[in-house]
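Asks: Dumping the structure here so I can ask a few things about it.
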Protein chains: 2
Amino acid sequence: MIATAASAGAGLPLADQCCAPLLREPLSAAQAADLARTLKALADPTRLRLVSMVAAHDGGEACVCDLTEPLGLTQPTISHHLKVLVDAGIFSRDKRGVWAYYALRPQALQALAAIFAEAPGGRPASQRGSLRI
Amino acid sequence: MIATAASAGAGLPLADQCCAPLLREPLSAAQAADLARTLKALADPTRLRLVSMVAAHDGGEACVCDLTEPLGLTQPTISHHLKVLVDAGIFSRDKRGVWAYYALRPQALQALAAIFAEAPGGRPASQRGSLRI
């Protein structure tokens, strides 16, 4: 669950509890464990492809039936990866009829972006290299 | 190595080659494998603590001798984790005298921040929830 005004709480993935001061001060062991858990959910090639495929899909959502052919994997394998992403708060899941539809929850990735964006020293982005975004 | 004007090249971590269009279009298998490799280097509680401790350390750099006591781990264990972070392009390593000094290379994390920051639909941040950054 995303930490909205109504739903902030304990025991949630760090990306949703928001936000480890990764580059501001040393993380506690508990903060590091929470953030590592979220990153582990993403640190898999198939799951990264699922994130990008679902985000780019019509309407921003997709069911397993949309994903098996482009990935060349079985439905149980893809369902397993989708469950990991749902459990990490990266995807939402909406059951409609015989299929469940998965959509990206942008807040989780936005929280990660914010955690990584705080470069030490406060140098402006223009001085940080020639990254071609 | 970071992809600067002088050093862009193949075979580097994706965060340095820059930049997977994670939320813009489906990743290729190769792009997903590269990004997963970078995220795996970070998806470990000890390595995340090392990143935050080195970034917060005096002068933005630290040697193994600065890190063993606060982490309560042996020097070989910390050296292993530091090597993983150097190999992923997240830390630089500068040998001076008997010690090697490690510093964060902000470009790598900035690239990750950019990859995660592109929420689908182009909604402004103010509409993405109540993340408290």
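Each chain of the structure tokens is named A, B, ... in the order shown, its residues numbered from 1; ligands are numbered from 1 in display order.
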Determine, for each residue of chain B having at least one atom at most 6 Å from an atom of chain A, the closest pair of atoms and their separation in Å to one decimal, counting only C-alpha atoms; order by chain and ascending number, as JSON lines.
Replies:
```
{"residue": "B:Thr4", "atom": "CA", "partner": "A:Ser130", "partner_atom": "CA", "distance": 5.2}
{"residue": "B:Leu22", "atom": "CA", "partner": "A:Ser52", "partner_atom": "CA", "distance": 5.0}
{"residue": "B:Leu23", "atom": "CA", "partner": "A:Ser52", "partner_atom": "CA", "distance": 5.2}
{"residue": "B:Glu25", "atom": "CA", "partner": "A:Ala56", "partner_atom": "CA", "distance": 5.3}
{"residue": "B:Pro26", "atom": "CA", "partner": "A:Met53", "partner_atom": "CA", "distance": 4.7}
{"residue": "B:Leu27", "atom": "CA", "partner": "A:Arg49", "partner_atom": "CA", "distance": 5.5}
{"residue": "B:Ala32", "atom": "CA", "partner": "A:Pro45", "partner_atom": "CA", "distance": 4.7}
{"residue": "B:Ala33", "atom": "CA", "partner": "A:Pro45", "partner_atom": "CA", "distance": 4.9}
{"residue": "B:Ala36", "atom": "CA", "partner": "A:Ala43", "partner_atom": "CA", "distance": 4.4}
{"residue": "B:Leu39", "atom": "CA", "partner": "A:Ala43", "partner_atom": "CA", "distance": 5.0}
{"residue": "B:Lys40", "atom": "CA", "partner": "A:Ala43", "partner_atom": "CA", "distance": 5.2}
{"residue": "B:Ala43", "atom": "CA", "partner": "A:Ala36", "partner_atom": "CA", "distance": 4.4}
{"residue": "B:Asp44", "atom": "CA", "partner": "A:Ala36", "partner_atom": "CA", "distance": 5.1}
{"residue": "B:Pro45", "atom": "CA", "partner": "A:Ala32", "partner_atom": "CA", "distance": 4.7}
{"residue": "B:Leu48", "atom": "CA", "partner": "A:Ala32", "partner_atom": "CA", "distance": 5.9}
{"residue": "B:Arg49", "atom": "CA", "partner": "A:Leu27", "partner_atom": "CA", "distance": 5.5}
{"residue": "B:Ser52", "atom": "CA", "partner": "A:Pro26", "partner_atom": "CA", "distance": 4.7}
{"residue": "B:Met53", "atom": "CA", "partner": "A:Pro26", "partner_atom": "CA", "distance": 4.7}
{"residue": "B:Ala55", "atom": "CA", "partner": "A:Leu23", "partner_atom": "CA", "distance": 5.6}
{"residue": "B:Ala56", "atom": "CA", "partner": "A:Glu25", "partner_atom": "CA", "distance": 5.3}
{"residue": "B:Pro106", "atom": "CA", "partner": "A:Ala119", "partner_atom": "CA", "distance": 5.6}
{"residue": "B:Leu109", "atom": "CA", "partner": "A:Phe116", "partner_atom": "CA", "distance": 5.3}
{"residue": "B:Gln110", "atom": "CA", "partner": "A:Ala117", "partner_atom": "CA", "distance": 5.4}
{"residue": "B:Ala113", "atom": "CA", "partner": "A:Ala113", "partner_atom": "CA", "distance": 4.0}
{"residue": "B:Phe116", "atom": "CA", "partner": "A:Ala113", "partner_atom": "CA", "distance": 5.1}
{"residue": "B:Ala117", "atom": "CA", "partner": "A:Ala113", "partner_atom": "CA", "distance": 5.2}
{"residue": "B:Ala119", "atom": "CA", "partner": "A:Pro106", "partner_atom": "CA", "distance": 5.6}
{"residue": "B:Ser130", "atom": "CA", "partner": "A:Thr4", "partner_atom": "CA", "distance": 5.2}
```
Asks: The selected residues should be written to file as a CSV table (one decimal), in the first residue's frame (atoms: C-alpha atoms).
Replies:
```
chain,number,residue,atom,x,y,z
B,4,THR,CA,30.8,10.7,-20.2
B,22,LEU,CA,11.8,1.4,-18.3
B,23,LEU,CA,8.5,3.1,-18.3
B,25,GLU,CA,8.6,1.1,-23.9
B,26,PRO,CA,9.3,-2.6,-23.3
B,27,LEU,CA,12.9,-3.3,-22.3
B,32,ALA,CA,16.7,-5.9,-18.6
B,33,ALA,CA,19.7,-8.1,-17.8
B,36,ALA,CA,18.9,-6.2,-13.2
B,39,LEU,CA,20.0,-3.3,-9.1
B,40,LYS,CA,21.3,-6.7,-7.7
B,43,ALA,CA,19.7,-5.0,-3.4
B,44,ASP,CA,21.6,-6.1,-0.3
B,45,PRO,CA,21.2,-4.5,3.2
B,48,LEU,CA,22.9,-0.2,1.0
B,49,ARG,CA,24.3,0.6,4.4
B,52,SER,CA,24.7,5.5,2.8
B,53,MET,CA,27.7,5.4,5.2
B,55,ALA,CA,28.1,9.1,1.2
B,56,ALA,CA,27.6,10.6,4.7
B,106,PRO,CA,26.7,9.9,-8.0
B,109,LEU,CA,22.5,6.5,-8.8
B,110,GLN,CA,21.3,9.6,-10.8
B,113,ALA,CA,16.7,7.9,-10.4
B,116,PHE,CA,12.5,5.2,-12.1
B,117,ALA,CA,11.3,8.8,-12.3
B,119,ALA,CA,6.0,7.7,-14.3
B,130,SER,CA,1.5,12.0,-0.8
```
Asks: Considering only C-alpha atoms, return as a PDB file with C-alpha atoms, in the first residue's frame whatever protein or nucleic-acid residues lie within 7 Å of Ala103 in chain A, sequence-local ones (same chain, fewer than 3 positions apart) excluded.
Replies:
```pdb
ATOM      1  CA  VAL A  54       2.732  -3.408 -18.424  1.00  0.00           C
ATOM      2  CA  GLY A  60      -1.393   0.885 -18.615  1.00  0.00           C
ATOM      3  CA  GLU A  61      -2.574  -2.538 -17.541  1.00  0.00           C
ATOM      4  CA  ALA A  62      -2.224  -6.109 -18.756  1.00  0.00           C
ATOM      5  CA  PHE A  91       1.949  -3.569  -9.281  1.00  0.00           C
ATOM      6  CA  SER A  92      -1.703  -3.427  -8.363  1.00  0.00           C
ATOM      7  CA  ARG A  93      -3.942  -6.393  -9.198  1.00  0.00           C
TER       8      ARG A  93
END
```
Asks: Within range 6-120 of chain A, find each residue whose DSSP state, derived from the backbone, is alpha helix (DSSP H), and express the selection as an MDAnalysis selection string.
Replies: chainID A and resid 14:17 29:42 45:56 64:71 75:87 106:117
Asks: What is the distance, in Å and to one decimal place, between CA of Asp58 in chain B and CA of Ala88 in chain B?
Replies: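 Atom-to-atom, CA of Asp58 in chain B and CA of Ala88 in chain B are spaced 23.1 Å apart.
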Asks: Can you list every residue in range 27-125 of chain A that DSSP puts in strand (DSSP E or B), as a list of chain:residue names?
Replies: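 The residues of range 27-125 of chain A classed as strand (DSSP E or B) are A:Glu61, A:Ala62, A:Cys63, A:Phe91, A:Ser92, A:Arg93, A:Asp94, A:Lys95, A:Arg96, A:Trp99, A:Ala100, A:Tyr101, A:Tyr102, A:Ala103, A:Leu104.
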Asks: Figure out the distance between CA of Val64 in chain B and CA of Trp99 in chain B, please, to one decimal in Å.
Replies: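 CA of Trp99 in chain B sits 7.7 Å away from CA of Val64 in chain B.
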